[in-house]
Amino acid sequence: MAWQKAREKVSAAPTSIEHMFDERGGDTRLGAARAALAAAESKLGISPNARGKIGLFEGTRADLYRSAARAQGEAAWCTMIALPDVGWECASACGMALERVIYLPDVTGAAASVLAACIDAVDVIVAGPLELTPSQARRLSARAFVRGVTVLATSPWPGVASGEQVG
C-alpha cells in the first residue's frame with residue numbers, strides 16, 4: 001500500500017522544470033528568495049552595503065575618506081592601495097584613524113597578489129585603478145566576501161556594475 005502512495009506522488013510531480021520560471025525566463029524562486037532576503041535585512045537593520053561588499057565609489061575624495069572612516073570604525077584597519085595622491089590631512093579631518101591605515105601607493109605588476117594579501121589582513125580597502133583580469137577580480141571579490149572585507153573601488157572594477165555604489 002505504501003509503495004502505491006509513493007508511486008502516485010512521483011507520477012503527480014511535474015516532469016519538467018518549466019513551472020519554476022516565469023514567462024520572461026526568469027527564475028521565480030530566485031526572485032522570491034532575493035525579495036525575502038531584502039525584507040529580512042531591512043527588518044533587522046542590516047545594510048546591503050555591509051562588510052564583504054565591493055562597490056564602485058563615485059564622489060569627492062572627502063566623501064571617500066568619510067566612507068572609509070565609517071567602515072573603519074573604532075578598531076578596523078584600512079589599506080589604501082593604488083592611490084598616489086592621498087590627502088592625509090583631509091583624511092584625518094574626515095575621521096580616518098591614520099594610525100590604522102596601510103598605504104601602498106604603487107602596486108604595478110603585482111596588483112592581484114598584493115590585494116589578496118590585503119584582503120587577508122585588513123577590514124577595509126580603498127582601491128584606486130588596479131590592473132586586474134576579470135577572473136582575478138572574481139576571485140578577489142569572492143575572497144573579500146568570505147572574509148567580510150569592504151572594498152571601496154574608485155575606478156571600474158570588473159564585474160561590478162557602475163550602479164553598485166557604496167559609501
# chains A, B, ... in the order shown; residues from 1 in each chain; ligands from 1
$ residues_around --residues "range 118-125 of chain A" --least-positions-apart "6" --cutoff "6 Å" --atoms "only C-alpha atoms" --output "PyMOL selection string"
chain A and resi 76-80+144+149-151
$ write_last_selection --atoms "N, CA, C and O atoms" --output "mmCIF file, in the first residue's frame"
data_model
loop_
_atom_site.group_PDB
_atom_site.id
_atom_site.type_symbol
_atom_site.label_atom_id
_atom_site.label_comp_id
_atom_site.auth_asym_id
_atom_site.auth_seq_id
_atom_site.Cartn_x
_atom_site.Cartn_y
_atom_site.Cartn_z
ATOM 1 N N ALA A 76 38.951 48.822 13.185
ATOM 2 C CA ALA A 76 39.322 48.172 11.934
ATOM 3 C C ALA A 76 40.533 48.839 11.278
ATOM 4 O O ALA A 76 40.767 50.032 11.431
ATOM 5 N N TRP A 77 41.255 48.030 10.545
ATOM 6 C CA TRP A 77 42.387 48.505 9.771
ATOM 7 C C TRP A 77 41.943 48.739 8.336
ATOM 8 O O TRP A 77 41.040 48.071 7.832
ATOM 9 N N CYS A 78 42.600 49.672 7.664
ATOM 10 C CA CYS A 78 42.266 50.054 6.296
ATOM 11 C C CYS A 78 43.544 50.075 5.458
ATOM 12 O O CYS A 78 44.593 50.497 5.940
ATOM 13 N N THR A 79 43.430 49.615 4.223
ATOM 14 C CA THR A 79 44.523 49.743 3.265
ATOM 15 C C THR A 79 44.076 50.671 2.153
ATOM 16 O O THR A 79 42.986 50.518 1.610
ATOM 17 N N MET A 80 44.917 51.619 1.837
ATOM 18 C CA MET A 80 44.706 52.482 0.679
ATOM 19 C C MET A 80 45.723 52.027 -0.348
ATOM 20 O O MET A 80 46.934 52.143 -0.137
ATOM 21 N N ALA A 144 37.032 38.585 -0.700
ATOM 22 C CA ALA A 144 36.601 39.704 0.147
ATOM 23 C C ALA A 144 35.255 39.403 0.792
ATOM 24 O O ALA A 144 35.044 39.690 1.973
ATOM 25 N N VAL A 149 35.389 41.664 4.036
ATOM 26 C CA VAL A 149 36.159 42.880 3.790
ATOM 27 C C VAL A 149 35.376 43.804 2.857
ATOM 28 O O VAL A 149 34.854 43.370 1.836
ATOM 29 N N THR A 150 35.300 45.072 3.213
ATOM 30 C CA THR A 150 34.658 46.071 2.368
ATOM 31 C C THR A 150 35.705 46.686 1.460
ATOM 32 O O THR A 150 36.755 47.118 1.931
ATOM 33 N N VAL A 151 35.419 46.707 0.161
ATOM 34 C CA VAL A 151 36.328 47.320 -0.805
ATOM 35 C C VAL A 151 35.611 48.489 -1.465
ATOM 36 O O VAL A 151 34.544 48.321 -2.050
#
$ select_by_dssp --residues "range 97-165 of chain A" --states "alpha helix (DSSP H)" --output "number ranges by chain"
A: 111-121, 134-147
$ residues_around --residues "range 89-104 of chain A" --least-positions-apart "5" --cutoff "10 Å" --atoms "only C-alpha atoms" --output "NGL selection string"
:A and (61-84 or 114 or 118 or 122 or 124-127)
$ closest_residue --among "A:Pro156, A:Gly55, A:Gly148, A:Pro105" --to "Val86 in chain A" --atoms "only C-alpha atoms"
A:Pro105
$ atom_distance --atom1 "CA of Ala116 in chain A" --atom2 "CA of Ser141 in chain A"
9.7 Å
$ residues_around --residues "range 129-131 of chain A" --least-positions-apart "3" --cutoff "8 Å" --atoms "only C-alpha atoms" --output "list in words"
Ala82, Leu83, Thr108, Gly109, Ala111, Ala112, Ala153, Thr154, Ser155 and Pro156 of chain A
$ residues_around --residues "Pro134 in chain A" --least-positions-apart "4" --cutoff "10 Å" --atoms "only C-alpha atoms" --output "ChimeraX atom specification"
/A:138-140,157-159
$ select_by_dssp --residues "range 93-151 of chain A" --states "strand (DSSP E or B)" --output "short mmCIF file (atom, residue, chain, number, x, y, z; two decimals) with C-alpha atoms, in the first residue's frame"
data_model
loop_
_atom_site.label_atom_id
_atom_site.label_comp_id
_atom_site.auth_asym_id
_atom_site.auth_seq_id
_atom_site.Cartn_x
_atom_site.Cartn_y
_atom_site.Cartn_z
CA VAL A 101 45.98 52.78 7.70
CA ILE A 102 48.37 50.86 5.48
CA TYR A 103 49.40 52.87 2.42
CA LEU A 104 50.50 51.16 -0.80
CA VAL A 124 38.51 47.96 4.67
CA ILE A 125 40.28 48.54 1.36
CA VAL A 126 40.19 51.75 -0.64
CA ALA A 127 41.40 50.80 -4.12
CA THR A 150 34.66 46.07 2.37
CA VAL A 151 36.33 47.32 -0.80
#
